[in-house]
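What follows is model-v4.cif (mmCIF, C-alpha atoms and all ligand atoms).
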data_upload
loop_
_atom_site.label_atom_id
_atom_site.label_comp_id
_atom_site.auth_asym_id
_atom_site.auth_seq_id
_atom_site.Cartn_x
_atom_site.Cartn_y
_atom_site.Cartn_z
CA MET N 591 80.53 100.00 96.63
CA GLU N 592 82.57 97.08 97.89
CA TYR N 593 80.55 94.18 99.31
CA ILE N 594 82.68 92.06 101.61
CA LEU N 595 81.73 88.78 103.27
CA ASP N 596 81.94 88.81 107.07
CA THR N 597 82.49 85.14 107.87
CA ALA N 598 85.09 82.37 108.09
CA ASN N 599 82.61 79.68 107.11
CA VAL N 600 84.20 77.91 104.16
CA SER N 601 80.98 76.70 102.54
CA ASP N 602 79.42 80.20 102.73
CA ILE N 603 82.61 81.69 101.28
CA LYS N 604 82.66 79.14 98.42
CA TYR N 605 79.05 79.87 97.56
CA MET N 606 79.21 83.66 97.84
CA ASN N 607 82.52 83.87 95.98
CA GLU N 608 80.93 81.98 93.07
CA TYR N 609 77.62 83.83 92.92
CA PHE N 610 78.01 87.30 94.47
CA PRO N 611 80.38 90.14 93.48
CA ILE N 612 82.28 90.04 96.77
CA ALA N 613 85.48 92.07 97.07
CA GLY N 614 86.87 89.84 99.80
CA VAL N 615 86.36 88.40 103.26
CA THR N 616 86.60 89.94 106.73
CA THR N 617 87.16 87.96 109.90
CA ASN N 618 87.68 88.70 113.57
CA PRO N 619 88.70 86.42 116.46
CA SER N 620 85.04 85.64 117.29
CA ILE N 621 84.28 84.74 113.67
CA ILE N 622 87.40 82.52 113.43
CA ALA N 623 86.71 80.86 116.81
CA LYS N 624 83.16 79.99 115.68
CA GLU N 625 84.61 77.55 113.10
CA LYS N 626 86.50 75.62 115.86
CA THR N 627 89.32 74.49 113.57
CA ASP N 628 93.02 74.94 112.87
CA PHE N 629 93.73 78.65 112.28
CA TYR N 630 96.20 78.43 109.39
CA GLY N 631 94.25 75.60 107.76
CA LEU N 632 91.16 77.82 107.85
CA VAL N 633 92.67 81.08 106.60
CA GLY N 634 94.63 79.09 103.98
CA SER N 635 91.37 77.58 102.69
CA ILE N 636 89.77 81.04 102.58
CA ARG N 637 92.73 82.40 100.61
CA ASN N 638 92.55 79.44 98.19
CA ILE N 639 88.84 80.00 97.58
CA ILE N 640 88.97 83.76 97.00
CA GLY N 641 92.40 83.82 95.32
CA ASN N 642 95.22 86.30 95.87
CA GLU N 643 93.49 89.33 94.33
CA LYS N 644 90.55 89.65 96.69
CA MET N 645 90.96 91.18 100.12
CA LEU N 646 91.30 89.03 103.20
CA HIS N 647 91.09 90.93 106.52
CA ILE N 648 92.53 89.08 109.52
CA GLN N 649 92.50 90.59 113.00
CA THR N 650 95.56 90.65 115.21
CA THR N 651 95.49 88.83 118.55
CA GLN N 652 98.35 90.91 120.00
CA LYS N 653 98.18 93.83 122.44
CA THR N 654 101.40 95.77 121.82
CA ALA N 655 102.45 97.59 118.66
CA GLU N 656 105.66 95.59 118.28
CA LYS N 657 103.85 92.25 118.62
CA ILE N 658 101.08 93.38 116.24
CA VAL N 659 103.75 94.16 113.64
CA GLU N 660 105.41 90.80 114.30
CA GLU N 661 102.08 89.02 113.81
CA ALA N 662 101.45 90.99 110.61
CA GLU N 663 104.83 89.87 109.25
CA VAL N 664 104.04 86.22 109.95
CA LEU N 665 100.54 86.53 108.43
CA ALA N 666 101.99 88.21 105.33
CA LYS N 667 104.40 85.32 104.93
CA LYS N 668 102.00 82.46 105.69
CA VAL N 669 98.76 83.80 104.17
CA GLY N 670 99.91 86.39 101.64
CA GLY N 671 97.80 87.80 98.81
CA ASN N 672 95.79 90.99 99.22
CA LEU N 673 95.97 90.99 103.02
CA TYR N 674 94.67 93.53 105.56
CA ILE N 675 95.63 93.39 109.21
CA LYS N 676 92.67 94.36 111.37
CA ILE N 677 93.72 96.22 114.48
CA PRO N 678 91.29 97.38 117.21
CA VAL N 679 91.60 101.15 117.70
CA CYS N 680 93.68 101.98 120.81
CA ASP N 681 97.07 103.62 121.53
CA GLU N 682 99.06 100.48 120.68
CA GLY N 683 96.90 99.96 117.58
CA LEU N 684 97.61 103.47 116.28
CA LYS N 685 101.33 102.98 116.87
CA ALA N 686 101.19 99.60 115.09
CA ALA N 687 99.37 101.15 112.10
CA SER N 688 102.11 103.81 111.73
CA MET N 689 104.84 101.19 112.15
CA LEU N 690 103.28 98.90 109.55
CA LYS N 691 102.94 101.76 107.06
CA ARG N 692 106.59 102.75 107.54
CA SER N 693 107.81 99.13 107.42
CA GLY N 694 107.06 98.69 103.74
CA LEU N 695 105.41 95.33 104.52
CA ASN N 696 102.95 94.46 101.77
CA VAL N 697 99.79 94.51 103.91
CA GLY N 698 96.97 97.00 104.39
CA VAL N 699 95.65 98.16 107.75
CA THR N 700 92.01 98.08 108.80
CA MET N 701 91.36 99.85 112.08
CA THR N 702 88.40 98.11 113.67
CA ALA N 703 85.97 98.38 116.60
CA ILE N 704 85.30 101.99 115.60
CA PHE N 705 82.39 103.65 117.41
CA THR N 706 83.06 107.39 116.95
CA PRO N 707 84.02 109.71 114.08
CA GLN N 708 87.19 110.86 115.89
CA GLN N 709 88.38 107.27 116.35
CA ALA N 710 88.05 106.95 112.57
CA LEU N 711 89.77 110.21 111.66
CA ILE N 712 92.70 109.63 114.00
CA SER N 713 93.06 106.06 112.67
CA ALA N 714 93.19 107.45 109.14
CA MET N 715 95.87 109.93 110.18
CA ALA N 716 97.87 107.02 111.61
CA GLY N 717 97.80 105.40 108.17
CA ALA N 718 94.80 103.05 108.23
CA ASP N 719 93.56 102.04 104.76
CA TYR N 720 90.10 101.16 106.10
CA VAL N 721 88.18 101.99 109.25
CA ALA N 722 85.40 99.67 110.39
CA PRO N 723 82.55 101.35 112.32
CA TYR N 724 80.13 98.91 114.00
CA VAL N 725 76.67 99.99 112.90
CA ASN N 726 74.35 97.57 114.69
CA ARG N 727 76.31 97.59 117.93
CA LEU N 728 75.73 101.38 117.98
CA ASP N 729 72.05 101.03 117.05
CA SER N 730 71.54 98.46 119.79
CA ILE N 731 72.59 100.95 122.49
CA SER N 732 70.17 103.55 121.10
CA ALA N 733 72.97 105.41 119.30
CA ASP N 734 72.91 106.20 115.58
CA GLY N 735 75.14 103.76 113.66
CA VAL N 736 74.35 105.20 110.25
CA GLY N 737 74.85 108.74 111.61
CA VAL N 738 78.34 107.82 112.82
CA VAL N 739 79.17 106.36 109.39
CA ALA N 740 77.82 109.52 107.72
CA ASP N 741 80.00 111.72 109.97
CA ILE N 742 83.09 109.65 109.16
CA VAL N 743 82.39 109.93 105.42
CA THR N 744 82.02 113.71 105.80
CA LEU N 745 85.24 114.05 107.81
CA PHE N 746 87.18 112.02 105.24
CA GLN N 747 85.78 114.23 102.47
CA ASN N 748 86.56 117.44 104.42
CA PHE N 749 90.19 116.48 104.82
CA ASP N 750 90.56 114.62 101.52
CA VAL N 751 91.49 111.47 103.42
CA LYS N 752 92.13 108.41 101.22
CA CYS N 753 91.16 105.93 103.96
CA LYS N 754 87.94 104.04 103.13
CA VAL N 755 84.97 103.45 105.41
CA LEU N 756 84.19 99.74 105.79
CA ALA N 757 80.96 99.64 107.74
CA ALA N 758 80.46 96.44 109.74
CA SER N 759 78.17 94.82 112.29
CA PHE N 760 74.87 94.74 110.39
CA LYS N 761 71.68 93.03 111.41
CA ASN N 762 69.39 94.08 108.57
CA VAL N 763 69.41 95.16 104.93
CA GLN N 764 68.07 98.63 105.72
CA GLN N 765 71.24 99.45 107.69
CA ILE N 766 73.35 98.38 104.67
CA ASN N 767 71.31 100.53 102.29
CA ASP N 768 71.40 103.50 104.68
CA VAL N 769 75.21 103.49 104.94
CA ALA N 770 75.46 103.17 101.14
CA LEU N 771 73.23 106.25 100.80
CA VAL N 772 75.57 108.33 102.97
CA GLY N 773 78.56 107.44 100.77
CA CYS N 774 80.17 104.58 102.71
CA HIS N 775 82.78 102.89 100.48
CA SER N 776 82.45 99.29 101.68
CA VAL N 777 80.21 97.09 103.77
CA THR N 778 80.90 93.71 105.31
CA ALA N 779 78.00 91.40 106.10
CA ASN N 780 77.32 87.69 106.44
CA ALA N 781 75.98 85.51 103.61
CA GLU N 782 72.44 85.46 104.97
CA LEU N 783 72.23 89.26 104.96
CA LEU N 784 73.78 89.69 101.50
CA LYS N 785 71.34 87.10 100.12
CA ALA N 786 68.47 88.97 101.82
CA ALA N 787 69.69 92.17 100.13
CA ILE N 788 68.83 90.79 96.67
CA SER N 789 65.68 88.95 97.68
CA HIS N 790 62.16 90.28 97.08
CA PRO N 791 58.83 88.39 96.88
CA MET N 792 57.77 90.51 93.88
CA THR N 793 60.92 89.38 92.05
CA ASP N 794 60.02 85.73 92.74
CA LYS N 795 56.48 86.39 91.52
CA ALA N 796 57.73 88.11 88.35
CA ILE N 797 59.98 85.14 87.52
CA GLN N 798 57.10 82.69 88.09
CA GLY N 799 54.94 84.78 85.73
CA PHE N 800 57.59 84.75 82.96
CA ASP N 801 57.93 80.96 83.27
CA ALA N 802 54.16 80.36 83.20
CA ASP N 803 53.61 82.59 80.12
CA TRP N 804 56.49 80.97 78.24
CA GLN N 805 55.38 77.43 79.08
CA SER N 806 51.80 78.18 78.00
CA VAL N 807 53.08 78.55 74.42
CA TYR N 808 56.40 76.66 74.20
CA GLY N 809 55.95 74.00 76.85
CA SER N 810 59.23 72.79 78.35
CA SER N 811 61.34 73.94 75.36
CA THR N 812 63.92 76.64 76.05
CA ILE N 813 65.65 79.08 73.68
CA LEU N 814 68.49 76.54 73.44
CA ASP N 815 66.07 74.05 71.85
CA PHE N 816 65.18 76.25 68.81
C1 LIG G 1 83.71 93.02 111.07
O1 LIG G 1 84.74 93.49 110.69
C2 LIG G 1 83.25 93.12 112.46
O2 LIG G 1 84.19 92.50 113.28
C3 LIG G 1 81.90 92.48 112.58
O3 LIG G 1 81.08 92.94 111.54
C4 LIG G 1 81.24 92.70 113.92
O4 LIG G 1 79.91 92.25 113.80
P1 LIG G 1 79.00 91.89 115.05
O5 LIG G 1 78.64 93.17 115.73
O6 LIG G 1 77.80 91.23 114.43
O7 LIG G 1 79.78 90.96 115.92
#
For the file at hand, write its structure as C-alpha cells.
Ligand code: E4P
Amino acid sequence: MEYILDTANVSDIKYMNEYFPIAGVTTNPSIIAKEKTDFYGLVGSIRNIIGNEKMLHIQTTQKTAEKIVEEAEVLAKKVGGNLYIKIPVCDEGLKAASMLKRSGLNVGVTMTAIFTPQQALISAMAGADYVAPYVNRLDSISADGVGVVADIVTLFQNFDVKCKVLAASFKNVQQINDVALVGCHSVTANAELLKAAISHPMTDKAIQGFDADWQSVYGSSTILDF
C-alpha cells in the first residue's frame, strides 16, 4: 500500500515526510490555491522536502491536449524528479495521456476526478499510470465510493492492467481501510487523517501503563543509563 500526502502545506509535508512512510505528495489546483503563495516557489519547496525519489503529483491547469502536454514539459523541466501530471478525465485529457506516453517525456500520468469504473478503465487504456477515484465525494451523494474503487480494482485485475488505483477524497479512516481491503494500491489523504489512522486511545493507555510500571522500579532512569 502506498500512503500519499494530499496537501501542499509545507509544514505538514515536512512533518509527515520525517515521521510517516509517505510515498509522495498529491496536489490539485484547490490544494495549491489554499496556500496563497508563488506556485513554483511552493512546488519547489515540496520537491526539496521529499527529494527526487518520492512522487509529486501536480495537476494541469490546461484544457486542451496540446497545452496539457506543453505544461507537462515545463513542469518536468522546472520541477523534475519523480513527477506525475494529474489530468482530469475528459476527451482532451485522454488524448493528452496518450500523447504524453508516446512523447517519451519522463513523467507519469494520473487521471483524476474519477467517479465511475469505466472512466478508470478507459483512462488506463489511454496510458494512465494511476487513476484517482474520489471516495468521499461519491459517498456524500449517497453513492458507494468504496464500491467504485472495488469495481476498478476488479476491472484492472480482469484485464491485467498495470495502472494503479490511487483512491482520493477521504473524510475518515474507515474509508481508507475499506479501500485497502478491496485491494486499492494507493491512497492519498491529508496529514490529519493519516495521523488519525495510527491513533487509538488504547494505544495511549498501553504506553502510559508501560511508563508507570517502569518508573515504579527504575524511576527516571532509562535503558541508556544502565
Ligand atoms: C486528490 O488527488 C484529490 O484531488 C483530492 O483528494 C480531492 O479531495 P476532496 O474531495 O477532499 O477535495
Quiz item: Please, which residues have at least one atom within 6 Å of an atom of ligand LIG 1 (chain G), using all atoms listed in the file, listed as a PyMOL selection string?
Solution: chain N and resi 616+618+727+758-759
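Considering only C-alpha atoms, the residue among N:Leu711, N:Ala686, N:Ala740, N:Ala757 positioned nearest to N:Pro723 is N:Ala757.
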Practice problem: Mind checking which residues fall within 10 Å of N:Val659, counting only C-alpha atoms, ignoring those fewer than 3 positions away in the same chain, and posting them as a list of chain:residue names? | Solution: N:Thr650, N:Gln652, N:Thr654, N:Ala655, N:Glu656, N:Ala662, N:Glu663, N:Val664, N:Leu665, N:Ile675, N:Gly683, N:Lys685, N:Ala686, N:Ala687, N:Ser688, N:Met689, N:Leu690, N:Ser693, N:Leu695
Could you write out the selected residues, including C-alpha atoms, as a PDB file, in the frame of the given file?
ATOM      1  CA  THR N 650      95.560  90.650 115.210  1.00  0.00           C
ATOM      2  CA  GLN N 652      98.350  90.910 120.000  1.00  0.00           C
ATOM      3  CA  THR N 654     101.400  95.770 121.820  1.00  0.00           C
ATOM      4  CA  ALA N 655     102.450  97.590 118.660  1.00  0.00           C
ATOM      5  CA  GLU N 656     105.660  95.590 118.280  1.00  0.00           C
ATOM      6  CA  ALA N 662     101.450  90.990 110.610  1.00  0.00           C
ATOM      7  CA  GLU N 663     104.830  89.870 109.250  1.00  0.00           C
ATOM      8  CA  VAL N 664     104.040  86.220 109.950  1.00  0.00           C
ATOM      9  CA  LEU N 665     100.540  86.530 108.430  1.00  0.00           C
ATOM     10  CA  ILE N 675      95.630  93.390 109.210  1.00  0.00           C
ATOM     11  CA  GLY N 683      96.900  99.960 117.580  1.00  0.00           C
ATOM     12  CA  LYS N 685     101.330 102.980 116.870  1.00  0.00           C
ATOM     13  CA  ALA N 686     101.190  99.600 115.090  1.00  0.00           C
ATOM     14  CA  ALA N 687      99.370 101.150 112.100  1.00  0.00           C
ATOM     15  CA  SER N 688     102.110 103.810 111.730  1.00  0.00           C
ATOM     16  CA  MET N 689     104.840 101.190 112.150  1.00  0.00           C
ATOM     17  CA  LEU N 690     103.280  98.900 109.550  1.00  0.00           C
ATOM     18  CA  SER N 693     107.810  99.130 107.420  1.00  0.00           C
ATOM     19  CA  LEU N 695     105.410  95.330 104.520  1.00  0.00           C
TER      20      LEU N 695
END
Exercise. Kindly give the distance, in Å, that separates atom CA of N:Ser635 and atom CA of N:Gln649, rounded to a single decimal.
Key: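 Separation of atom CA of N:Ser635 and atom CA of N:Gln649: 16.6 Å.
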Quiz item: With all atoms listed in the file as the basis for distance, which of N:Trp804, N:Asn748, N:Gly717, N:Val679 is at the shortest distance from N:Met701?
Solution: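 Closest candidate: N:Val679.
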Quiz item: Hey, what's within 9 Å of N:Ile636 if we count all atoms listed in the file and toss same-chain stuff fewer than 2 positions away? As a list in words, please?
Solution: Ala598, Asn599, Val600, Ile603, Lys604, Val615, Gly631, Leu632, Val633, Gly634, Asn638, Ile639, Ile640, Gly641 and Leu646 of chain N
